[in-house]
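Novice: I'd like to ask you about the structure that follows.
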Amino acid sequence: MSVLETSAGLALADPSAVRAIEATGTSALAWLLIALPLLGAGLLLVGGRATDKFGPLLATLLSWGSFVVGALVVLQLAGLGAEERSLSVPLWDWVTTGNLSVHAGLLIDPLSMAFVLLITFVGSLIHVYSLGYMQHDPDKRRFFAYLNLFVAAMLILVLADSYLLLFVGWEGVGLASYLLIGFWNHNPAYASAANKAFVVNRIGDFALIIAMAYMLYTYGALDYATVHGEAGSAATTTLTVIGLLLLLGACGKSAQFPLQSWLGDAMAGPTPVSALIHAATMVTAGVYLVARSQAIYDLTPDARLAVAIVGAITLLYGAIVGCAKDDIKKALAASTMSQIGYMMLAVGLGPIGYIYAIFHLITHGFFKAGMFLGAGSVMHAMNDRVDMRRFGALGREIKTTWITFGAGWLAIIGFPFTAGWFSKDHIIESAFSAPGWQGWVFGLVALLGAGITAFYMSRLFFMTFHGKARWEDDAAPHESPLTMTVPMMVLAVGSLVLGAVLYPTGVLTGWLEPVFGHGEAHESLIPLIGIQVSVFVLMALGVALAWLRYGRDEVPVVAPVGSFATRAARQDLFQDEFNETFLRRPGAGLVAGLEVADNDVIDGGMVGGTSRGLAGVANVVRQAQNGFVRSYALTMLAGIVAILGAVWVIQ
Amino acid sequence: MSLSVYIYLATILFTIGALVVLLRRNTIIVFMGVELMLNACNLALITFSRMHGNLDGQVYTLFVMVVAAAEVVVGLAIIMSIYRARRSASVDDANLLKL
């Protein structure tokens, strides 16, 4: 922390190689964005029990402070011309060895600031919510320290001006998520969920490390300015490999196929953590990485196609899984996977999709955070139960939660003129305007996904808030305190109006176009109005079906066995079984084989053989050491005679 | 009389000394054998000195005599203490220095 502060002052004089203009005024203080929450995490963790009383409040204030700094920087940025909105804040010389020189610095541009506003605003609201939600937890100081750490790490990730500094944030996010998912680690299942998230993320991290090494080998640098500026100088194959490795990294952090399995189990963490992971931090990192690396993906259509395919697969995967889950949080987790799939699909479409991907990311941040906080409020009302089959008819009991959750529900199913409608419809339209067969495949997948989304989100909504009450006997639903409901209200308002505020007014496109350029939309395969109508019809069908089955009809308290498809979806489409059978078992077998080889061949054969051989020889030789002086004298005499004889023979 | 006679004498004396060391068990006798070998060497050195007409051999002999004198002191002291400890002067009884 203090290093950051002092070094920032020292290094400002040293202009780095970043081509962006050096920041002045408020923007030069952008390091405060990271420093404030980091300070909070440090104080609360080092301060220990002394900070128990005021710690949570302090953490919340510091998080809001970070938001204020972010807002001021955005105001300054908005005052500049569209082409000048890329500022650099050099911090210090970080790694200097041989030809390699990496400067630690921040890059302030519309893309990173869009993320900063989302992270700090939604993150701070979640802090406020946690004040109420974690009120009775004996360890809430530690919880808030981790929350601050999470926000700080995510801010490092999005503000970094090089892949190396991004990686610091990347790992910081992984660490914070591990600490928070396993926050209640006295429960072994929760602790192993944290481990799972961490291990699966390592696979993606490993790919990112290889990608960075490859960049270093190809360009000799890791800062965005050099790598993106000289991206074209590398061979297409190189770019494709880097692109695919970055994609695998993004898959790990964003829970995309094939590294999606950790997300459902990550629900073990306290609900505000789920909201933070799914809305503001963590899962959006992968989308950011791909969007930030657009200079690389622009030159490698193959890798970009892979991004779109991964997005399309995950979109359907999450949607199908979401239809079968009875655990309210796991159903929401599946929907996050699916929605991030939409964003990946959009960034995989190229320049036409980037802006909509970020747009959807922002709106999703609001409505998903709102719904997760709502789910937390429902759990609060129902003695921490999560099984939706034991909910029902809660709308009358906890009206505020019902209304705010309803706003998020309308947004995610894409009800016209809510935030989700603006952002998701544009992704579907972009998908239909992709060239050739891609347009049909991606377009239809996105369209189908929208229909399924409407079904499973409505299922969740109706099972929880409507129908007949199926409560356990001891249930006594009650509304949450104001600290919890106010953030939910703010997010609900955002879910409803954010799209209308940002898109038709041109604020968002104008803001992001300097970064992404203006995407020339191809002719769409289907007329725009046709897409919009079919999206609406599918949504209405999904909602209607969900209403018939889960709103009007009686919902069984015990889940019926269901068809094979239902059971598969309940098991997350056998993702864990697949990983177990095809990855963990062969891996464990390989390790066991290596262990046997190590024991028998290396230790037993080579090392053991040498030592046994030496011991045998020594056993023979030691017979000569019999302790009789006269036999030693004979040996000496024989030796001397032998030497003299040898000398005589030579001469 | 040829000088080589002295060499033969030295060789015979050395052989007797070596046989004494190898064959006798009494420590004092063994020690005497060692001294006999040393003096056989001295005789050979003196003879070679005479043969080659320089003084190197005589200088070595003086060194050997000095070292032998010192060695006798130490050696006898060791033999005495072994005898006191074990009531035996046999070299084969002092065989603890082994594996």
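By order of appearance in the structure tokens: chains A, B, ..., then residues from 1 within every chain, and ligands from 1 in the order shown.
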May I have the residues within 7 Å of Gly374 (chain A) as a ChimeraX atom specification, using only C-alpha atoms and disregarding those fewer than 6 positions away in the same chain?
Specialist: /A:401,405,488
Novice: If the cut-off is 12 Å, can you tell me the residues of chain A near chain B, counting only C-alpha atoms? I'd like them as a list of chain:residue names.
Specialist: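 Residues satisfying the distance criterion: A:Ala618, A:Asn619, A:Val620, A:Val621, A:Arg622, A:Gln623, A:Ala624, A:Gln625, A:Asn626, A:Gly627, A:Phe628, A:Val629, A:Arg630, A:Ser631, A:Tyr632, A:Ala633, A:Leu634, A:Thr635, A:Met636, A:Leu637, A:Ala638.
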Novice: Can you spit out the residues from that selection as a PDB file, in the first residue's frame, using C-alpha atoms?
Specialist:
```
ATOM      1  CA  ALA A 618      32.125 -51.805   1.490  1.00  0.00           C
ATOM      2  CA  ASN A 619      31.016 -55.000   3.234  1.00  0.00           C
ATOM      3  CA  VAL A 620      33.668 -56.945   1.373  1.00  0.00           C
ATOM      4  CA  VAL A 621      36.362 -54.324   1.801  1.00  0.00           C
ATOM      5  CA  ARG A 622      35.772 -53.881   5.505  1.00  0.00           C
ATOM      6  CA  GLN A 623      36.772 -57.511   6.125  1.00  0.00           C
ATOM      7  CA  ALA A 624      40.336 -56.247   5.595  1.00  0.00           C
ATOM      8  CA  GLN A 625      39.968 -54.001   8.644  1.00  0.00           C
ATOM      9  CA  ASN A 626      40.487 -56.817  11.175  1.00  0.00           C
ATOM     10  CA  GLY A 627      42.375 -54.836  13.808  1.00  0.00           C
ATOM     11  CA  PHE A 628      45.517 -57.012  13.662  1.00  0.00           C
ATOM     12  CA  VAL A 629      48.548 -54.749  13.312  1.00  0.00           C
ATOM     13  CA  ARG A 630      50.581 -57.471  11.687  1.00  0.00           C
ATOM     14  CA  SER A 631      48.134 -58.006   8.873  1.00  0.00           C
ATOM     15  CA  TYR A 632      48.165 -54.234   8.216  1.00  0.00           C
ATOM     16  CA  ALA A 633      51.954 -54.419   8.129  1.00  0.00           C
ATOM     17  CA  LEU A 634      51.755 -57.265   5.608  1.00  0.00           C
ATOM     18  CA  THR A 635      49.374 -55.228   3.450  1.00  0.00           C
ATOM     19  CA  MET A 636      51.745 -52.279   3.550  1.00  0.00           C
ATOM     20  CA  LEU A 637      54.681 -54.484   2.653  1.00  0.00           C
ATOM     21  CA  ALA A 638      52.764 -56.067  -0.214  1.00  0.00           C
TER      22      ALA A 638
END
```
Novice: Env of Tyr60 (chain B): 12 Å cut, atoms = only C-alpha atoms, seq-sep filter 6 positions within chain, self excluded. Answer as a list in words.
Specialist: Leu38, Asn39, Cys41, Asn42, Leu43, Ala44, Leu45, Ile46, Thr47, Phe48, Ser49, Asn54, Val66, Val67 and Ala68 of chain B
Novice: Using only C-alpha atoms, pick whichever of A:Phe461, A:Phe455, A:Phe442, A:Phe417 has the shortest atom-to-atom distance to Trp402 (chain A).
Specialist: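 With only C-alpha atoms as the atom set, the closest residue is A:Phe461.
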Novice: If you count only C-alpha atoms, which residues fall within 8 Å of Phe115 (chain A), apart from same-chain ones fewer than 3 positions away, as a VMD selection string?
Specialist: chain A and resid 111 to 112 118 to 119 158 362
Novice: Quick one: residues within 10 Å of Thr15 (chain B), only C-alpha atoms counted, chain neighbours fewer than 6 positions away excluded, as a list of chain:residue names?
Specialist: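 Returned residues: B:Leu9, B:Val21, B:Gly33, B:Leu36, B:Met37, B:Ala40.
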Novice: When you count only C-alpha atoms, which of these residues is closest to Ala194 (chain A): A:Gly530, A:Pro416, A:Pro514, A:Gly182?
Specialist: A:Gly182
Novice: So that I can check the secondary structure, give me every residue of region 152-265 of chain A assigned helix (DSSP H, G or I) by backbone DSSP, as JSON, numbers by chain.
Specialist: {"A": [152, 153, 154, 155, 156, 157, 158, 159, 163, 164, 165, 166, 167, 168, 169, 170, 171, 172, 173, 174, 175, 176, 177, 178, 179, 180, 181, 188, 189, 190, 191, 192, 193, 194, 195, 196, 197, 198, 199, 200, 201, 202, 203, 204, 205, 206, 207, 208, 209, 210, 211, 212, 213, 214, 215, 216, 217, 218, 219, 224, 225, 226, 227, 228, 229, 231, 232, 233, 236, 237, 238, 239, 240, 241, 242, 243, 244, 245, 246, 247, 248, 249, 250, 251, 252, 253, 254, 262, 263, 264, 265]}
Novice: Report as a list in words all protein, DNA and RNA residues lying within 8 Å of region 471-480 of chain A, evaluated on only C-alpha atoms, omitting residues in the same chain fewer than 5 positions from it.
Specialist: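 Here the qualifying residues turn out to be Ser377, His380, Ala381, Met382, Asn383, Arg390, Phe391, Gly392, Leu394, Glu397, Ile398, Lys399, Thr400, Thr401 and Thr485 of chain A.
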Novice: Kindly save the residues from that selection, with N, CA and C atoms included, as a compact mmCIF listing (two decimals), in the first residue's frame.
Specialist:
```txt
# COMPACT_ATOMS: atom_id res chain seq x y z
N SER A 377 -32.13 -11.88 0.36
CA SER A 377 -33.22 -11.38 1.20
C SER A 377 -34.27 -12.48 1.42
N HIS A 380 -32.88 -14.80 3.87
CA HIS A 380 -32.96 -14.13 5.17
C HIS A 380 -34.36 -14.34 5.77
N ALA A 381 -35.38 -14.25 4.88
CA ALA A 381 -36.75 -14.39 5.35
C ALA A 381 -37.08 -15.84 5.69
N MET A 382 -36.41 -16.79 5.04
CA MET A 382 -36.79 -18.20 5.17
C MET A 382 -35.74 -19.01 5.92
N ASN A 383 -35.10 -18.44 6.90
CA ASN A 383 -34.12 -19.18 7.71
C ASN A 383 -33.02 -19.81 6.88
N ARG A 390 -39.67 -25.34 -1.42
CA ARG A 390 -40.25 -25.02 -0.12
C ARG A 390 -40.55 -23.52 0.01
N PHE A 391 -40.51 -22.77 -1.09
CA PHE A 391 -40.90 -21.37 -1.07
C PHE A 391 -42.36 -21.27 -1.53
N GLY A 392 -42.63 -20.27 -2.36
CA GLY A 392 -43.98 -20.10 -2.89
C GLY A 392 -44.74 -19.05 -2.12
N LEU A 394 -44.37 -16.04 -1.64
CA LEU A 394 -43.64 -15.09 -0.80
C LEU A 394 -43.89 -13.64 -1.20
N GLU A 397 -45.68 -11.66 1.34
CA GLU A 397 -45.04 -11.48 2.65
C GLU A 397 -43.90 -10.48 2.61
N ILE A 398 -43.07 -10.57 1.57
CA ILE A 398 -41.91 -9.68 1.49
C ILE A 398 -42.03 -8.87 0.19
N LYS A 399 -42.85 -7.83 0.28
CA LYS A 399 -43.23 -7.08 -0.92
C LYS A 399 -42.05 -6.39 -1.58
N THR A 400 -41.17 -5.75 -0.77
CA THR A 400 -40.06 -5.01 -1.36
C THR A 400 -39.17 -5.94 -2.17
N THR A 401 -38.86 -7.08 -1.56
CA THR A 401 -38.01 -8.04 -2.27
C THR A 401 -38.70 -8.50 -3.54
N THR A 485 -32.56 -3.63 1.83
CA THR A 485 -33.56 -3.35 0.79
C THR A 485 -33.18 -2.13 -0.06
```
Novice: Counting only C-alpha atoms, what is within 9 Å of Thr60 (chain A), bar same-chain residues fewer than 6 positions away, as a list in words?
Specialist: Pro37, Gly40, Ser124, Leu125, Ile126, His127, Val128, Leu131, Phe144 and Asn148 of chain A
Novice: Which one is closest to Ala189 (chain A): A:Leu62, A:Asp265, A:Ala450, A:Gly252? Count only C-alpha atoms.
Specialist: A:Asp265
Novice: One decimal, in Å: what's the spacing between CA of Gly420 (chain A) and CA of Leu246 (chain A)?
Specialist: 27.5 Å
